[in-house]
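Okay, input.tsv is below, TSV, C-alpha atoms:
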```
chain	number	residue	atom	x	y	z
W	212	MET	CA	0.00	0.00	0.00
W	213	ARG	CA	2.74	2.38	1.03
W	214	GLN	CA	4.77	1.42	-2.05
W	215	THR	CA	1.80	2.22	-4.35
W	216	PHE	CA	1.43	5.61	-2.70
W	217	VAL	CA	5.11	6.39	-3.15
W	218	TRP	CA	5.04	5.39	-6.82
W	219	SER	CA	1.85	7.39	-7.47
W	220	ALA	CA	3.27	10.45	-5.73
W	221	ALA	CA	6.50	10.19	-7.73
W	222	ILE	CA	4.60	9.85	-11.03
W	223	LEU	CA	2.35	12.81	-10.24
W	224	THR	CA	5.25	14.98	-9.07
W	225	LEU	CA	7.18	14.29	-12.25
W	226	ALA	CA	4.04	14.88	-14.34
W	227	VAL	CA	3.54	18.29	-12.69
W	228	ILE	CA	7.19	19.21	-13.36
W	229	ILE	CA	6.84	18.17	-17.02
W	230	HIS	CA	3.57	20.10	-17.24
W	231	ILE	CA	5.15	23.32	-15.92
W	232	ILE	CA	8.19	22.99	-18.19
W	233	GLY	CA	5.85	22.27	-21.11
W	234	ILE	CA	3.66	25.33	-20.48
W	235	PHE	CA	6.72	27.58	-20.31
W	236	ALA	CA	8.21	25.95	-23.43
W	237	VAL	CA	5.13	26.16	-25.70
W	238	PRO	CA	5.62	29.80	-26.84
W	239	ASN	CA	9.34	29.28	-27.55
W	240	VAL	CA	8.68	26.03	-29.39
W	241	ILE	CA	5.91	27.49	-31.56
W	242	MET	CA	7.87	30.68	-32.29
W	243	GLY	CA	10.99	28.60	-32.93
W	244	THR	CA	9.06	26.50	-35.43
W	245	LEU	CA	7.88	29.64	-37.24
W	246	ILE	CA	11.43	31.03	-37.30
W	247	SER	CA	12.96	27.74	-38.44
W	248	ARG	CA	10.52	27.68	-41.35
W	249	ALA	CA	11.66	31.11	-42.50
W	250	GLY	CA	13.10	29.45	-45.60
W	251	ASP	CA	9.52	28.73	-46.71
W	252	VAL	CA	8.81	32.46	-46.83
W	253	GLY	CA	12.03	33.77	-48.35
W	254	GLY	CA	14.59	33.33	-45.57
W	255	VAL	CA	15.84	35.20	-42.51
W	256	ASN	CA	16.39	38.99	-42.41
W	257	THR	CA	14.39	39.56	-45.54
W	258	ILE	CA	10.77	40.48	-46.05
W	259	ALA	CA	8.11	38.10	-47.34
W	260	HIS	CA	4.75	39.35	-48.56
W	261	GLY	CA	2.07	36.82	-47.72
W	262	LYS	CA	-0.93	36.30	-49.93
W	263	ARG	CA	-4.30	37.37	-48.67
W	264	ALA	CA	-5.59	34.89	-46.08
W	265	ASP	CA	-8.25	32.42	-47.15
W	266	ALA	CA	-9.35	28.91	-46.17
W	267	THR	CA	-6.11	27.44	-47.55
W	268	SER	CA	-3.85	29.65	-45.37
W	269	ARG	CA	-1.96	27.56	-42.82
W	270	GLN	CA	1.15	29.55	-41.91
W	271	ILE	CA	-0.30	31.48	-38.95
W	272	VAL	CA	-3.38	30.52	-36.91
W	273	ARG	CA	-6.43	32.77	-36.97
W	274	PRO	CA	-5.30	35.09	-39.77
W	275	SER	CA	-7.45	38.11	-40.58
W	276	PRO	CA	-8.87	37.98	-44.13
W	277	ASP	CA	-9.29	41.76	-44.03
W	278	LEU	CA	-5.57	42.44	-43.65
W	279	VAL	CA	-2.54	41.63	-45.76
W	280	TYR	CA	0.59	40.65	-43.90
W	281	SER	CA	4.26	41.12	-44.75
W	282	MET	CA	6.67	39.34	-42.45
W	283	CYS	CA	10.37	39.54	-41.67
W	284	VAL	CA	11.77	36.67	-39.61
W	285	PHE	CA	14.83	38.23	-38.00
W	286	ASP	CA	18.10	37.03	-36.52
W	287	LEU	CA	20.15	39.84	-34.97
W	288	SER	CA	23.12	37.70	-33.94
W	289	GLU	CA	25.13	39.10	-36.87
W	290	GLY	CA	24.06	42.70	-36.34
W	291	PRO	CA	21.11	45.08	-36.64
W	292	LEU	CA	18.58	45.37	-39.45
W	293	ALA	CA	17.19	48.33	-41.34
W	294	LEU	CA	13.39	48.39	-41.66
W	295	SER	CA	11.74	50.61	-44.21
W	296	ALA	CA	8.11	50.85	-45.30
W	297	PRO	CA	5.69	53.24	-46.97
W	298	VAL	CA	2.66	54.10	-44.84
W	299	PRO	CA	-0.50	53.95	-46.94
W	300	ALA	CA	-3.04	56.76	-46.57
W	301	ASP	CA	-6.57	56.33	-45.24
W	302	THR	CA	-6.28	52.79	-43.98
W	303	TYR	CA	-5.01	50.94	-40.95
W	304	TRP	CA	-1.32	50.04	-41.13
W	305	SER	CA	1.04	48.86	-38.43
W	306	LEU	CA	4.56	47.59	-37.89
W	307	SER	CA	4.90	45.24	-34.93
W	308	ALA	CA	7.78	43.21	-33.54
W	309	PHE	CA	7.68	39.97	-31.53
W	310	ASP	CA	10.47	38.30	-29.58
W	311	ASP	CA	11.23	34.58	-29.51
W	312	ASN	CA	8.78	34.14	-26.61
W	313	THR	CA	5.83	35.70	-28.57
W	314	ASN	CA	5.93	39.02	-26.65
W	315	ASN	CA	4.81	41.98	-28.77
W	316	PHE	CA	7.62	44.32	-27.68
W	317	PHE	CA	7.02	47.07	-30.24
W	318	VAL	CA	4.16	48.36	-32.36
W	319	VAL	CA	3.52	51.56	-34.26
W	320	ASN	CA	0.51	52.35	-36.45
W	321	ASP	CA	-0.52	54.83	-39.13
W	322	ARG	CA	-2.23	57.12	-36.61
W	323	GLN	CA	1.06	57.63	-34.78
W	324	ILE	CA	3.04	58.50	-37.92
W	325	SER	CA	2.76	61.85	-39.64
W	326	THR	CA	4.83	60.93	-42.72
W	327	ASP	CA	4.11	58.57	-45.62
W	328	HIS	CA	7.25	56.53	-45.02
W	329	VAL	CA	9.00	55.10	-41.97
W	330	GLU	CA	12.50	53.81	-41.30
W	331	PHE	CA	13.70	52.00	-38.19
W	332	VAL	CA	16.82	50.21	-37.02
W	333	LEU	CA	16.09	46.89	-35.31
W	334	ALA	CA	18.90	45.91	-32.94
W	335	ARG	CA	19.53	43.59	-30.03
W	336	ASP	CA	18.78	44.97	-26.59
W	337	GLY	CA	21.91	46.72	-25.32
W	338	TYR	CA	23.51	47.04	-28.74
W	339	GLN	CA	24.89	50.48	-29.50
W	340	ALA	CA	23.39	50.62	-32.97
W	341	PRO	CA	24.55	53.10	-35.55
W	342	THR	CA	21.55	55.09	-36.70
W	343	LEU	CA	20.22	55.13	-40.20
W	344	GLY	CA	20.08	58.84	-40.89
W	345	GLY	CA	18.54	59.35	-37.46
W	346	ALA	CA	16.04	56.53	-37.79
W	347	PRO	CA	14.60	55.44	-34.43
W	348	VAL	CA	16.09	52.28	-32.96
W	349	ILE	CA	13.85	49.37	-31.90
W	350	LEU	CA	15.57	47.19	-29.31
W	351	SER	CA	14.72	43.50	-29.34
W	352	PRO	CA	14.99	41.44	-26.14
W	353	SER	CA	15.99	38.37	-28.18
W	354	ASP	CA	18.24	37.61	-31.14
W	355	THR	CA	15.43	36.04	-33.12
W	356	GLY	CA	11.83	37.02	-33.66
W	357	VAL	CA	9.38	38.37	-36.19
W	358	VAL	CA	8.50	41.79	-37.56
W	359	LEU	CA	5.00	41.92	-38.99
W	360	PHE	CA	3.54	44.62	-41.25
W	361	ARG	CA	-0.28	44.73	-41.33
W	362	THR	CA	-2.27	46.63	-43.97
W	363	LEU	CA	-6.07	46.81	-43.88
W	364	ILE	CA	-7.85	46.35	-47.19
W	365	GLN	CA	-10.67	48.86	-46.81
W	366	SER	CA	-12.38	47.83	-50.05
W	367	GLU	CA	-11.71	45.34	-52.82
W	368	ASP	CA	-11.06	48.06	-55.40
W	369	GLN	CA	-8.18	49.31	-53.22
W	370	PHE	CA	-6.52	45.92	-53.01
W	371	GLU	CA	-4.12	46.20	-55.95
W	372	ALA	CA	-2.91	49.66	-54.99
W	373	LEU	CA	-2.41	48.75	-51.31
W	374	ASN	CA	-0.78	45.46	-52.27
W	375	GLN	CA	1.76	47.32	-54.38
W	376	ILE	CA	2.46	49.85	-51.63
W	377	ARG	CA	3.09	47.24	-48.95
W	378	GLN	CA	5.45	45.32	-51.24
W	379	GLN	CA	7.82	48.30	-51.13
W	380	ALA	CA	8.62	47.50	-47.48
W	381	THR	CA	12.12	46.18	-46.84
W	382	CYS	CA	13.97	44.39	-44.05
W	383	ALA	CA	17.73	43.91	-44.54
W	384	PRO	CA	21.03	43.92	-42.62
W	385	LEU	CA	22.23	47.42	-41.81
U	188	MET	CA	15.73	-5.37	-14.23
U	189	LYS	CA	12.24	-5.33	-12.76
U	190	LEU	CA	12.93	-2.01	-11.05
U	191	ALA	CA	14.26	-0.54	-14.31
U	192	LEU	CA	11.06	-1.56	-16.08
U	193	LYS	CA	8.98	-0.01	-13.31
U	194	LEU	CA	10.96	3.22	-13.47
U	195	GLY	CA	10.64	3.31	-17.25
U	196	ALA	CA	6.89	2.74	-17.09
U	197	ALA	CA	6.51	5.37	-14.36
U	198	PHE	CA	8.49	7.87	-16.43
U	199	LEU	CA	6.34	7.23	-19.50
U	200	VAL	CA	3.14	7.65	-17.49
U	201	SER	CA	4.50	10.94	-16.08
U	202	VAL	CA	5.41	12.20	-19.54
U	203	PHE	CA	1.96	11.22	-20.84
U	204	LEU	CA	0.19	13.00	-17.97
U	205	GLY	CA	2.50	16.03	-18.09
U	206	LEU	CA	2.41	16.64	-21.85
U	207	GLY	CA	-1.23	15.53	-22.14
U	208	SER	CA	-2.27	18.14	-19.61
U	209	VAL	CA	-0.22	20.78	-21.48
U	210	TYR	CA	-2.06	19.85	-24.69
U	211	TRP	CA	-5.44	19.99	-22.91
U	212	PHE	CA	-4.77	23.42	-21.40
U	213	VAL	CA	-3.45	24.90	-24.62
U	214	GLU	CA	-6.22	23.49	-26.80
U	215	LYS	CA	-9.27	23.48	-24.56
U	216	SER	CA	-9.04	26.07	-21.82
U	217	ASP	CA	-10.04	29.69	-22.25
U	218	LEU	CA	-8.24	32.92	-21.39
U	219	SER	CA	-10.07	33.45	-18.13
U	220	GLY	CA	-6.92	33.29	-15.97
U	221	THR	CA	-5.12	36.37	-14.68
U	222	GLY	CA	-6.32	39.31	-16.77
U	223	GLY	CA	-9.24	37.31	-18.21
U	224	ILE	CA	-12.42	39.25	-19.06
U	225	ALA	CA	-15.83	38.04	-20.24
U	226	VAL	CA	-18.42	40.29	-21.88
U	227	GLY	CA	-21.51	38.22	-22.71
U	228	PRO	CA	-20.30	35.35	-24.93
U	229	TRP	CA	-17.01	37.12	-25.65
U	230	THR	CA	-13.80	36.48	-23.70
U	231	THR	CA	-10.39	38.07	-23.85
U	232	ASN	CA	-7.31	38.58	-21.72
U	233	GLU	CA	-5.76	41.97	-21.13
U	234	LYS	CA	-2.31	40.41	-21.11
U	235	ILE	CA	-2.37	39.05	-24.67
U	236	GLY	CA	0.92	39.93	-26.33
U	237	ASP	CA	2.18	41.49	-23.11
U	238	VAL	CA	5.51	40.78	-21.42
U	239	ASP	CA	3.61	40.35	-18.14
U	240	ALA	CA	1.30	37.65	-19.53
U	241	ALA	CA	0.92	34.60	-17.29
U	242	PRO	CA	2.57	31.43	-18.65
U	243	TYR	CA	-0.82	29.82	-19.39
U	244	THR	CA	-2.05	32.92	-21.24
U	245	ARG	CA	1.16	33.10	-23.27
U	246	ALA	CA	0.97	29.40	-24.15
U	247	ILE	CA	-2.69	29.59	-25.23
U	248	VAL	CA	-2.07	32.71	-27.32
U	249	ALA	CA	1.01	31.12	-28.95
U	250	ARG	CA	-1.13	28.18	-30.04
U	251	ARG	CA	-4.37	29.96	-30.88
U	252	GLY	CA	-3.35	33.53	-31.70
U	253	LEU	CA	0.33	33.68	-32.59
U	254	LEU	CA	1.63	37.20	-33.35
U	255	ALA	CA	-1.33	38.82	-31.59
U	256	LEU	CA	-0.81	42.49	-30.84
U	257	ASN	CA	-0.89	43.84	-27.30
U	258	LYS	CA	-3.87	45.62	-25.77
U	259	ARG	CA	-2.56	49.11	-26.56
U	260	GLU	CA	-2.93	48.32	-30.25
U	261	THR	CA	-5.63	45.64	-30.55
U	262	VAL	CA	-8.04	43.78	-28.29
U	263	TYR	CA	-9.09	40.30	-29.41
U	264	PHE	CA	-12.38	38.90	-28.09
U	265	ASN	CA	-13.28	35.31	-28.83
U	266	ALA	CA	-16.70	33.59	-28.72
U	267	GLU	CA	-17.05	29.83	-28.81
U	268	ALA	CA	-20.66	29.87	-27.60
U	269	ASP	CA	-23.78	31.93	-28.19
U	270	SER	CA	-25.24	34.36	-25.66
U	271	SER	CA	-26.97	31.49	-23.83
U	272	GLY	CA	-23.70	29.60	-23.46
U	273	THR	CA	-24.45	26.91	-26.09
U	274	PRO	CA	-21.44	26.04	-28.27
U	275	LEU	CA	-21.49	27.48	-31.79
U	276	VAL	CA	-22.05	24.80	-34.46
U	277	SER	CA	-21.94	25.19	-38.22
U	278	ASN	CA	-25.38	23.68	-38.97
U	279	CYS	CA	-27.23	26.37	-36.96
U	280	ARG	CA	-28.17	29.94	-37.78
U	281	TYR	CA	-27.03	32.78	-35.51
U	282	THR	CA	-27.94	36.43	-35.39
U	283	VAL	CA	-25.15	38.72	-34.22
U	284	THR	CA	-26.55	42.11	-33.21
U	285	GLY	CA	-24.19	44.94	-32.38
U	286	LYS	CA	-23.95	48.64	-31.73
U	287	PRO	CA	-21.13	51.04	-32.65
U	288	ILE	CA	-17.90	50.30	-30.77
U	289	PRO	CA	-15.50	53.17	-29.92
U	290	THR	CA	-12.65	51.82	-31.99
U	291	GLY	CA	-10.72	52.76	-35.11
U	292	TRP	CA	-11.65	49.53	-36.84
U	293	TRP	CA	-13.33	46.27	-35.88
U	294	SER	CA	-14.02	42.95	-37.53
U	295	ILE	CA	-15.78	39.68	-36.74
U	296	THR	CA	-14.17	36.59	-38.31
U	297	LEU	CA	-15.29	32.94	-38.27
U	298	TYR	CA	-12.72	30.21	-37.58
U	299	GLY	CA	-13.05	26.44	-37.53
U	300	ALA	CA	-12.06	24.26	-34.60
U	301	ASP	CA	-8.55	24.07	-36.09
U	302	HIS	CA	-8.24	27.89	-35.76
U	303	TYR	CA	-8.12	28.48	-39.53
U	304	LEU	CA	-10.60	30.15	-41.89
U	305	VAL	CA	-13.42	27.85	-43.05
U	306	ASP	CA	-13.90	27.10	-46.72
U	307	ASN	CA	-17.33	28.19	-47.97
U	308	PRO	CA	-18.94	28.65	-51.41
U	309	GLN	CA	-19.48	32.36	-50.85
U	310	GLY	CA	-15.79	33.02	-50.15
U	311	ILE	CA	-16.68	35.30	-47.23
U	312	PHE	CA	-14.86	34.92	-43.91
U	313	SER	CA	-15.71	38.06	-41.95
U	314	GLN	CA	-17.67	41.28	-41.59
U	315	ALA	CA	-16.03	44.49	-40.49
U	316	LYS	CA	-16.60	48.15	-39.70
U	317	ASN	CA	-15.83	49.04	-43.29
U	318	THR	CA	-18.02	46.34	-44.91
U	319	VAL	CA	-21.09	46.00	-42.72
U	320	THR	CA	-24.40	47.59	-43.69
U	321	ARG	CA	-25.81	49.56	-40.77
U	322	ASN	CA	-29.29	50.23	-39.42
U	323	ALA	CA	-30.65	53.74	-38.94
U	324	ASP	CA	-29.25	53.76	-35.38
U	325	GLN	CA	-25.79	52.81	-36.71
U	326	GLY	CA	-26.18	49.34	-35.25
U	327	TYR	CA	-25.82	46.23	-37.40
U	328	VAL	CA	-27.14	42.70	-37.70
U	329	ILE	CA	-24.87	39.94	-38.99
U	330	GLN	CA	-26.27	36.54	-39.85
U	331	VAL	CA	-23.96	33.57	-39.35
U	332	ALA	CA	-25.29	30.47	-41.16
U	333	SER	CA	-24.51	28.06	-43.98
U	334	ALA	CA	-26.52	30.32	-46.32
U	335	PRO	CA	-26.83	33.64	-44.49
U	336	GLU	CA	-29.62	36.02	-45.46
U	337	GLY	CA	-29.46	39.80	-45.51
U	338	PRO	CA	-26.61	42.16	-46.39
U	339	ASN	CA	-24.23	41.12	-43.60
U	340	GLY	CA	-23.54	37.41	-43.73
U	341	ILE	CA	-20.74	35.16	-42.53
U	342	PRO	CA	-21.07	31.62	-43.96
U	343	THR	CA	-20.29	28.68	-41.68
U	344	GLY	CA	-19.27	26.40	-44.55
U	345	TYR	CA	-21.76	23.70	-43.50
U	346	SER	CA	-23.00	21.42	-46.28
U	347	ASP	CA	-24.31	18.18	-44.73
U	348	GLY	CA	-23.89	15.75	-41.86
U	349	GLU	CA	-23.25	16.84	-38.30
U	350	GLY	CA	-22.37	20.45	-37.68
U	351	GLU	CA	-18.84	21.33	-36.66
U	352	ARG	CA	-17.80	23.58	-33.79
U	353	PHE	CA	-16.57	27.02	-34.77
U	354	SER	CA	-15.66	30.28	-33.07
U	355	LEU	CA	-15.90	33.99	-33.79
U	356	THR	CA	-13.10	36.48	-33.17
U	357	LEU	CA	-13.92	40.14	-32.62
U	358	ARG	CA	-10.89	42.36	-33.31
U	359	LEU	CA	-10.91	45.90	-31.93
U	360	TYR	CA	-8.08	47.97	-33.43
U	361	ASN	CA	-7.09	51.24	-31.74
U	362	LEU	CA	-9.79	51.16	-29.10
U	363	GLU	CA	-10.42	54.60	-27.60
U	364	GLU	CA	-8.31	55.06	-24.51
U	365	ASN	CA	-11.13	55.36	-21.97
U	366	ALA	CA	-12.83	52.27	-23.41
U	367	ALA	CA	-9.58	50.29	-23.29
U	368	GLU	CA	-9.21	51.07	-19.60
U	369	ASP	CA	-12.26	48.99	-18.69
U	370	LEU	CA	-12.88	46.29	-21.28
U	371	SER	CA	-15.59	44.69	-19.16
U	372	ALA	CA	-17.74	47.81	-19.64
U	373	LEU	CA	-17.77	47.49	-23.43
U	374	VAL	CA	-21.10	46.79	-25.12
U	375	LEU	CA	-20.33	43.93	-27.49
U	376	PRO	CA	-22.59	42.12	-29.98
U	377	SER	CA	-25.06	39.52	-28.79
U	378	ILE	CA	-25.14	36.11	-30.49
U	379	GLU	CA	-28.62	34.58	-30.67
U	380	LYS	CA	-29.15	31.05	-31.95
U	381	GLY	CA	-31.87	30.40	-34.53
U	382	ASP	CA	-32.93	27.25	-36.37
U	383	CYS	CA	-30.61	24.32	-37.07
U	384	GLN	CA	-30.42	21.97	-40.05
```

Written as structure tokens, that's how I'd like the structure from this file.
Amino acid sequence: MRQTFVWSAAILTLAVIIHIIGIFAVPNVIMGTLISRAGDVGGVNTIAHGKRADATSRQIVRPSPDLVYSMCVFDLSEGPLALSAPVPADTYWSLSAFDDNTNNFFVVNDRQISTDHVEFVLARDGYQAPTLGGAPVILSPSDTGVVLFRTLIQSEDQFEALNQIRQQATCAPL
Amino acid sequence: MKLALKLGAAFLVSVFLGLGSVYWFVEKSDLSGTGGIAVGPWTTNEKIGDVDAAPYTRAIVARRGLLALNKRETVYFNAEADSSGTPLVSNCRYTVTGKPIPTGWWSITLYGADHYLVDNPQGIFSQAKNTVTRNADQGYVIQVASAPEGPNGIPTGYSDGEGERFSLTLRLYNLEENAAEDLSALVLPSIEKGDCQ
């Protein structure tokens, strides 16, 4: 009887430890999988312009069919990146950055920008990044992560124009 | 030898229980933990995308809402049941009735149980602030059904057999600051179930 109790307690204790480790690991594992598949969308430290989400889209869960996404999977271990993008008029647009643990550590949208074009330097936290003509520096808490550009398609007849504008965004080593 | 077999079996059982419970939490539980908010059938968590998110919240979001923006930019509400608490199924008709929301842009999108958009003959996956036809009072009625009627429809993709579970996601982009301070005070759309096939 006592032996059964000891075995059961040991199994449950180990199960709880595995559970806790698993819960903490899930975001890193899922983000790591997305980053490791960067080759499917053009590679690391370069921008990939995803097609408009539909029922066949499987890259990211719960995509919005009203937005078009451009994504840059980044790896800052070799140095900072230069981000550049036109900001379309009269529609929602944002640039957001996520670390390797899924935290959204930076976001800026069209309402916060008074110009029709933005440039940023993306660098590792603590890195003394050279500026890009005074471009603001975004500091990432991890070497790897994702920068995502979102553009809202307000109406179908705007799609081609907005699609062309968002494809002018770039993400490349500084 | 016998002890080694026992230890091996015990380890496997622990791994099964440990990882199985991780899977269950990530796939089945809602975001009602620390920071969780429910408004009618809609639930969200203020910590989505946030550095301070609890481990369970972060794990659920990574699985079911990867690359979600934080609350300062976007609030994501999810509904897996109608206003009476009955799970949403694709062979039933639902009426979603809403009023203006103090936000820059909003949308309601239908997702299957696998968290992806559902194939449907109409090729429509959502209704949004910029697409929905409004009533005289600026409110709107969206019908969610296999063959929705009226100007604002979201097809469920149902064709025959048993209905499948689905969920609706309400995205609120650039919510006005005072509204974002108390998400539980928001007036969000009701979801009323109609007839089923």

Chain U residues near chain W within 8 Å, closest pair each, using only C-alpha atoms, as CSV:
```
residue,atom,partner,partner_atom,distance
U:Ala197,CA,W:Ile222,CA,5.9
U:Phe198,CA,W:Ile222,CA,6.9
U:Val200,CA,W:Ile222,CA,7.0
U:Ser201,CA,W:Ala226,CA,4.3
U:Val202,CA,W:Ala226,CA,6.0
U:Phe203,CA,W:Ala226,CA,7.7
U:Leu204,CA,W:Ala226,CA,5.6
U:Gly205,CA,W:Ala226,CA,4.2
U:Leu206,CA,W:His230,CA,5.9
U:Ser208,CA,W:His230,CA,6.6
U:Val209,CA,W:His230,CA,5.7
U:Gly236,CA,W:Asn315,CA,5.0
U:Asp237,CA,W:Asn314,CA,5.7
U:Val238,CA,W:Asn314,CA,5.5
U:Pro242,CA,W:Phe235,CA,5.9
U:Tyr243,CA,W:Ile234,CA,6.4
U:Arg245,CA,W:Pro238,CA,6.6
U:Ala246,CA,W:Pro238,CA,5.4
U:Ala249,CA,W:Pro238,CA,5.2
U:Arg250,CA,W:Ile241,CA,7.2
U:Arg251,CA,W:Val272,CA,6.1
U:Gly252,CA,W:Val272,CA,6.0
U:Leu253,CA,W:Val272,CA,6.5
U:Leu254,CA,W:Thr313,CA,6.5
U:Ala255,CA,W:Asn315,CA,7.5
U:Leu256,CA,W:Asn315,CA,6.0
U:Asn257,CA,W:Asn315,CA,6.2
U:Glu260,CA,W:Val318,CA,7.4
U:Trp292,CA,W:Tyr303,CA,7.9
U:Thr296,CA,W:Ser275,CA,7.3
U:Tyr298,CA,W:Arg273,CA,6.8
U:His302,CA,W:Arg273,CA,5.3
U:Tyr303,CA,W:Arg273,CA,5.3
U:Leu304,CA,W:Ala266,CA,4.6
U:Val305,CA,W:Ala266,CA,5.2
U:Asp306,CA,W:Ala266,CA,4.9
U:Phe312,CA,W:Pro276,CA,6.7
U:Ser313,CA,W:Pro276,CA,7.2
U:Asn317,CA,W:Gln365,CA,6.2
U:Thr318,CA,W:Ser366,CA,7.8
```

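Across the model, the gap from atom CA of W:Tyr280 to atom CA of W:Pro299 is 13.7 Å.
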
- Which residue, U:Leu297, U:Ala366, U:Val319, U:Ala266, has the smallest gap to U:Leu218 when you use all atoms listed in the file?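 Between U:Leu297, U:Ala366, U:Val319, U:Ala266, the residue approaching U:Leu218 most closely is U:Ala266.
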
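Relative to atom CA of W:Pro291, atom CA of W:Leu350 is found at 9.4 Å.
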
- Item | Interatomic distance, atom CA of U:Lys380 to atom CA of U:Ala225 (Å, one decimal) | 19.1 Å

- Note on the structure: U:Asn232 proximity check over U:Ala191, U:Ile378, U:Ala334, U:Leu370, using only C-alpha atoms: winner is U:Leu370

- Message: Need to verify the contact set: U:Thr343, 6 Å, all atoms listed in the file, exclusion of same-chain residues closer than 5 positions in sequence. Can you return it as a list in words?
- Response: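 Returned residues: Ser277, Ala332 and Ser333 of chain U.
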
- Skipping near chain neighbours, those fewer than 6 positions away, what residues fall within 8 Å of U:Arg352 using only C-alpha atoms, listed as a ChimeraX atom specification? /U:274-277,299-300

- With distances taken over only C-alpha atoms, which of W:Thr244, W:Ala300, W:Val329, W:Met212 is nearest to W:Ala372?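 Selected residue with least distance to W:Ala372: W:Ala300.
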
- Skipping near chain neighbours, those fewer than 5 positions away, what residues fall within 8 Å of U:Trp229 using all atoms listed in the file, listed as an NGL selection string? :U and (264-267 or 375)

- Query: Counting all atoms listed in the file, which of W:Thr326, W:Thr215, W:Thr257, W:Ser351 gets nearest to W:Thr381?
  - Reply: W:Thr257

Where atoms are missing, can you supply N, CA, C and O atoms for stretch 354-366 of chain W and output the lot as a compact mmCIF listing (two decimals), in the coordinates of the input?
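Result went into part26.txt, see below:
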```txt
# COMPACT_ATOMS: atom_id res chain seq x y z
N ASP W 354 17.57 37.58 -29.83
CA ASP W 354 18.24 37.61 -31.14
C ASP W 354 17.27 37.36 -32.28
O ASP W 354 17.38 37.95 -33.35
N THR W 355 16.35 36.42 -32.04
CA THR W 355 15.43 36.04 -33.12
C THR W 355 14.01 36.49 -32.80
O THR W 355 13.66 36.69 -31.63
N GLY W 356 13.22 36.61 -33.82
CA GLY W 356 11.83 37.02 -33.66
C GLY W 356 11.21 37.32 -35.01
O GLY W 356 11.74 36.91 -36.06
N VAL W 357 10.13 38.07 -34.96
CA VAL W 357 9.38 38.37 -36.19
C VAL W 357 8.94 39.83 -36.19
O VAL W 357 8.48 40.33 -35.17
N VAL W 358 9.11 40.48 -37.33
CA VAL W 358 8.50 41.79 -37.56
C VAL W 358 7.34 41.58 -38.53
O VAL W 358 7.50 40.91 -39.55
N LEU W 359 6.19 42.13 -38.17
CA LEU W 359 5.00 41.92 -38.99
C LEU W 359 4.42 43.27 -39.41
O LEU W 359 4.21 44.15 -38.57
N PHE W 360 4.18 43.42 -40.70
CA PHE W 360 3.54 44.62 -41.25
C PHE W 360 2.09 44.23 -41.58
O PHE W 360 1.86 43.29 -42.33
N ARG W 361 1.14 44.99 -41.04
CA ARG W 361 -0.28 44.73 -41.33
C ARG W 361 -0.84 45.90 -42.14
O ARG W 361 -0.62 47.07 -41.78
N THR W 362 -1.59 45.59 -43.19
CA THR W 362 -2.27 46.63 -43.97
C THR W 362 -3.73 46.23 -44.14
O THR W 362 -4.02 45.11 -44.61
N LEU W 363 -4.64 47.11 -43.74
CA LEU W 363 -6.07 46.81 -43.88
C LEU W 363 -6.54 47.11 -45.30
O LEU W 363 -6.28 48.18 -45.84
N ILE W 364 -7.24 46.14 -45.88
CA ILE W 364 -7.85 46.35 -47.19
C ILE W 364 -9.25 46.91 -46.95
O ILE W 364 -10.18 46.17 -46.60
N GLN W 365 -9.39 48.20 -47.11
CA GLN W 365 -10.67 48.86 -46.81
C GLN W 365 -11.76 48.44 -47.79
O GLN W 365 -12.91 48.29 -47.42
N SER W 366 -11.40 48.27 -49.05
CA SER W 366 -12.38 47.83 -50.05
C SER W 366 -11.63 47.08 -51.15
O SER W 366 -10.43 47.30 -51.34
```
